[in-house]
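See structure below.
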Amino acid sequence: MITLYQFDRTWGIPNLSPFCCKVETYLRIAGIDYAVESAFPLRAPKGKLPYIHDRGQLLADSRFIVSYLKTTYRDLDADLNPQQWAVSMAMQRLVEEHLFWIALYSRWQYTDANWQVNKQAIFGKLPIIARDLVASGWRIRIKKQILGHGISRHQPEEIFQLGCQDVDALADFLGNKTYFMGDHPTSLDACVFGLLVNITHCPVESPLKEYGLSKNNLTDYVQRMMGEYYSHIIPRTS
Ligand SMILES: N[C@@H](CCC(=O)N[C@@H](CS)C(=O)NCC(=O)O)C(=O)O
C-alpha cells in the first residue's frame with residue numbers, strides 16, 4: 001500500500017501544505033488505498049513534503065507523484081482531450097508557481113499574527129527550548145525562497161493584487177461547473193482544492209483570503225470537495 005508522508009493534519013483541513021493536500025486528494029478521488037505518516041521536510045528525499053513510498057521506492061514532489069499514480073494506478077485525466085489537458089496544465093502551474101507563493105508570503109511574512117499561527121501549527125509540537133530556534137531559522141529559509149521567487153520584492157498591496165487576479169481566473173474558469181474540467185474530478189481539482197482550502201479555510205488572515213471568500217462558487221466548491229472526499233476524517237467546520 002502507498003504511504004503518504006506529510007505534515008500532521010491541523011486547522012480542520014486535510015493538510016496545511018497545498019501539495020500534500022493535492023496528493024491526498026488525488027488518492028481519494030482515484031480511490032487508491034493509502035496510509036498517512038507524519039513527516040517533516042528535513043528528512044524528505046528532496047527536502048520538501050510530500051513524498052510517498054510505494055512498491056519499494058520513494059518518490060518526491062507532488063508532480064512526479066501524480067504522474068506515477070496516473071501510470072501505475074488510475075489516470076484521472078484520461079478523458080481530457082489535448083486542448084483540455086493543456087489548459088489543465090497551465091492552471092496547475094498558475095496555482096503552484098504563482099498563487100502558492102502569495103499564500104506562502106501571507107503565512108510566513110505578511111503579519112506577525114499570521115506567523116504566530118503558522119509557527120504553532122508547524123513547530124508547536126517541538127520542545128519549547130528548540131521551538132523558537134528551529135522556527136525562526138526555518139522562517140529565514142522560507143523568506144529567502146519567497147525573495148528568490150520574486151514575489152516579496154513587491155509591496156504587500158501589489159502582491160495581493162496579483163493574487164486576486166489568480167483568484168479571479170480560478171473563479172471565472174470554474175464558473176458554475178461542478179469540477180474544474182466539467183462533470184468529473186481530475187488532477188486539476190486535486191491541485192486547486194489543495195491550495196484553495198489553504199487560502200479560504202485556515203486561520204491565516206489576508207486580503208487574499210478575504211477575496212477568496214467573496215467568490216461564492218469557489219467557497220461552495222471547497223465545501224463540496226470537503227464533503228465528498230474528507231467527511232470521514234475531518235469534522236466539517238461549517
Ligand atoms: N514542487 C513541490 C513543492 C513542495 C513544497 O513546496 N512543499 C513545502 C510545503 S508546502 C515544503 O515542504 N517546504 C519545506 C521547505 O521548503 O523547507 C511539490 O509539488 O511537491
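Lettering and numbering for the C-alpha cells are positional, with chains as A, B, ... in the shown order, residues counted from 1 in each chain, and ligands counted from 1 in the shown order.
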Which protein, DNA or RNA residues have an atom within 7 Å of ligand 1, counting only C-alpha atoms and all ligand atoms, as a short mmCIF file (atom, residue, chain, number, x, y, z; two decimals) with all heavy atoms, in the first residue's frame?
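Below you can see part39.cif, which holds the result:
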```cif
data_model
loop_
_atom_site.label_atom_id
_atom_site.label_comp_id
_atom_site.auth_asym_id
_atom_site.auth_seq_id
_atom_site.Cartn_x
_atom_site.Cartn_y
_atom_site.Cartn_z
N SER A 17 -0.20 21.90 3.97
CA SER A 17 0.58 22.02 2.73
C SER A 17 -0.34 21.76 1.54
O SER A 17 -0.93 20.69 1.42
CB SER A 17 1.71 21.00 2.69
OG SER A 17 2.11 20.77 1.35
N PRO A 18 -0.45 22.73 0.63
CA PRO A 18 -1.29 22.53 -0.55
C PRO A 18 -0.84 21.33 -1.38
O PRO A 18 -1.66 20.65 -2.00
CB PRO A 18 -1.08 23.81 -1.37
CG PRO A 18 -0.55 24.82 -0.42
CD PRO A 18 0.17 24.07 0.67
N PHE A 19 0.47 21.04 -1.36
CA PHE A 19 1.00 19.95 -2.19
C PHE A 19 0.68 18.59 -1.57
O PHE A 19 0.39 17.63 -2.28
CB PHE A 19 2.50 20.13 -2.41
CG PHE A 19 2.83 21.44 -3.07
CD1 PHE A 19 3.27 22.53 -2.33
CD2 PHE A 19 2.66 21.59 -4.44
CE1 PHE A 19 3.56 23.74 -2.94
CE2 PHE A 19 2.94 22.80 -5.06
CZ PHE A 19 3.38 23.89 -4.31
N PRO A 41 9.93 18.13 6.52
CA PRO A 41 10.72 18.25 5.29
C PRO A 41 12.19 17.85 5.41
O PRO A 41 12.78 17.36 4.45
CB PRO A 41 10.60 19.74 4.93
CG PRO A 41 9.37 20.20 5.61
CD PRO A 41 9.21 19.37 6.84
N GLY A 47 13.90 17.39 0.42
CA GLY A 47 13.83 18.47 1.40
C GLY A 47 12.48 19.15 1.48
O GLY A 47 12.33 20.20 2.11
N LYS A 48 11.48 18.59 0.81
CA LYS A 48 10.14 19.16 0.86
C LYS A 48 9.11 18.04 0.94
O LYS A 48 9.37 16.92 0.50
CB LYS A 48 9.86 20.00 -0.41
CG LYS A 48 10.62 21.32 -0.44
CD LYS A 48 10.29 22.12 -1.69
CE LYS A 48 11.18 23.33 -1.83
NZ LYS A 48 10.63 24.54 -1.28
N LEU A 49 7.95 18.36 1.49
CA LEU A 49 6.83 17.42 1.54
C LEU A 49 5.84 17.81 0.45
O LEU A 49 5.76 18.98 0.11
CB LEU A 49 6.16 17.48 2.91
CG LEU A 49 7.03 17.07 4.10
CD1 LEU A 49 6.26 17.22 5.40
CD2 LEU A 49 7.53 15.62 3.95
N PRO A 50 5.13 16.82 -0.12
CA PRO A 50 5.02 15.43 0.29
C PRO A 50 6.04 14.54 -0.43
O PRO A 50 6.65 14.92 -1.41
CB PRO A 50 3.62 15.07 -0.18
CG PRO A 50 3.48 15.82 -1.47
CD PRO A 50 4.19 17.12 -1.23
N ALA A 60 9.40 11.69 -4.58
CA ALA A 60 9.15 13.02 -4.01
C ALA A 60 8.63 13.98 -5.07
O ALA A 60 8.89 13.80 -6.26
CB ALA A 60 10.45 13.57 -3.43
N ASP A 61 7.91 14.98 -4.61
CA ASP A 61 7.34 16.06 -5.42
C ASP A 61 5.97 15.65 -5.96
O ASP A 61 5.84 14.66 -6.67
CB ASP A 61 8.26 16.49 -6.59
CG ASP A 61 7.81 17.81 -7.20
OD1 ASP A 61 6.69 17.87 -7.74
OD2 ASP A 61 8.56 18.79 -7.09
N SER A 62 4.97 16.48 -5.63
CA SER A 62 3.60 16.13 -5.98
C SER A 62 3.41 15.90 -7.48
O SER A 62 2.59 15.09 -7.89
CB SER A 62 2.63 17.20 -5.48
OG SER A 62 2.81 18.41 -6.19
N ARG A 63 4.20 16.61 -8.31
CA ARG A 63 4.01 16.44 -9.76
C ARG A 63 4.46 15.06 -10.21
O ARG A 63 3.79 14.40 -11.01
CB ARG A 63 4.77 17.54 -10.52
CG ARG A 63 4.19 18.93 -10.28
CD ARG A 63 5.15 20.02 -10.66
NE ARG A 63 6.35 19.98 -9.84
CZ ARG A 63 7.34 20.87 -9.92
NH1 ARG A 63 7.26 21.87 -10.78
NH2 ARG A 63 8.40 20.77 -9.13
N TRP A 138 13.85 28.40 10.30
CA TRP A 138 13.07 27.97 9.14
C TRP A 138 12.41 29.17 8.45
O TRP A 138 12.29 29.24 7.23
CB TRP A 138 12.01 26.95 9.55
CG TRP A 138 11.86 25.92 8.47
CD1 TRP A 138 11.19 26.07 7.28
CD2 TRP A 138 12.43 24.62 8.42
NE1 TRP A 138 11.30 24.95 6.52
CE2 TRP A 138 12.05 24.03 7.20
CE3 TRP A 138 13.21 23.88 9.31
CZ2 TRP A 138 12.43 22.75 6.83
CZ3 TRP A 138 13.59 22.60 8.94
CH2 TRP A 138 13.21 22.05 7.72
N ARG A 141 14.78 30.76 6.16
CA ARG A 141 14.93 29.93 4.96
C ARG A 141 13.76 30.15 3.98
O ARG A 141 13.96 30.34 2.78
CB ARG A 141 14.99 28.48 5.43
CG ARG A 141 14.91 27.40 4.40
CD ARG A 141 14.75 26.05 5.15
NE ARG A 141 14.23 25.01 4.30
CZ ARG A 141 14.94 23.98 3.87
NH1 ARG A 141 16.20 23.85 4.21
NH2 ARG A 141 14.39 23.05 3.11
N ILE A 142 12.53 30.17 4.52
CA ILE A 142 11.37 30.33 3.63
C ILE A 142 11.31 31.75 3.06
O ILE A 142 10.99 31.94 1.89
CB ILE A 142 10.05 29.99 4.39
CG1 ILE A 142 10.06 28.53 4.89
CG2 ILE A 142 8.82 30.27 3.52
CD1 ILE A 142 9.96 27.46 3.82
#
```
Excluding Ser38 of chain A and its own-chain neighbours fewer than 6 positions away, which residues fall within 8 Å of it when counting only C-alpha atoms? Please give them as a compact mmCIF listing (two decimals) with N, CA, C and O atoms, in the first residue's frame.
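Saved result, part.txt, follows:
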```txt
# COMPACT_ATOMS: atom_id res chain seq x y z
N TYR A 5 3.73 10.59 3.02
CA TYR A 5 4.40 11.32 4.10
C TYR A 5 4.04 12.79 3.99
O TYR A 5 4.30 13.42 2.95
N GLN A 6 3.44 13.29 5.05
CA GLN A 6 3.00 14.68 5.01
C GLN A 6 2.96 15.28 6.41
O GLN A 6 3.15 14.59 7.40
N PHE A 7 2.70 16.60 6.48
CA PHE A 7 2.57 17.26 7.78
C PHE A 7 1.35 16.70 8.51
O PHE A 7 0.40 16.23 7.89
N ASP A 8 1.37 16.83 9.85
CA ASP A 8 0.18 16.47 10.65
C ASP A 8 -1.01 17.29 10.20
O ASP A 8 -0.87 18.46 9.82
```
*Which residues, written as a ChimeraX atom specification, have at least one atom at most 10 Å from Ile146 of chain A, with only C-alpha atoms counted and residues fewer than 2 positions away on the same chain left out?*
/A:101-102,104-105,108-109,140-144,148-153
*Can you work out which one of A:Gln116, A:Ser231, A:Thr186, A:Gln223 has the shortest atom-to-atom distance to Lys70 of chain A, counting only C-alpha atoms?*
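Under the stated criterion, the closest residue is A:Thr186.
Residue nearest Thr219 of chain A within the list A:Ile199, A:Cys20, A:Ala169, A:Leu27: A:Ile199 [criterion: smallest interatomic distance, only C-alpha atoms].
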May I have a table of the residues of segment 57-172 of chain A lying at most 7 Å from segment 202-217 of chain A, giving each one's closest pair of atoms and their distance in Å to one decimal, counting only C-alpha atoms, ordered by chain and ascending residue number, as a tab-separated table?
```
residue	atom	partner	partner_atom	distance
A:Ser106	CA	A:Ser206	CA	6.5
A:Arg107	CA	A:Val204	CA	6.4
A:Asn114	CA	A:Val204	CA	5.3
A:Phe160	CA	A:Leu208	CA	5.9
A:Gly163	CA	A:Leu208	CA	6.4
A:Cys164	CA	A:Leu208	CA	6.2
A:Val167	CA	A:Gly212	CA	6.4
A:Ala171	CA	A:Asn217	CA	6.7
```
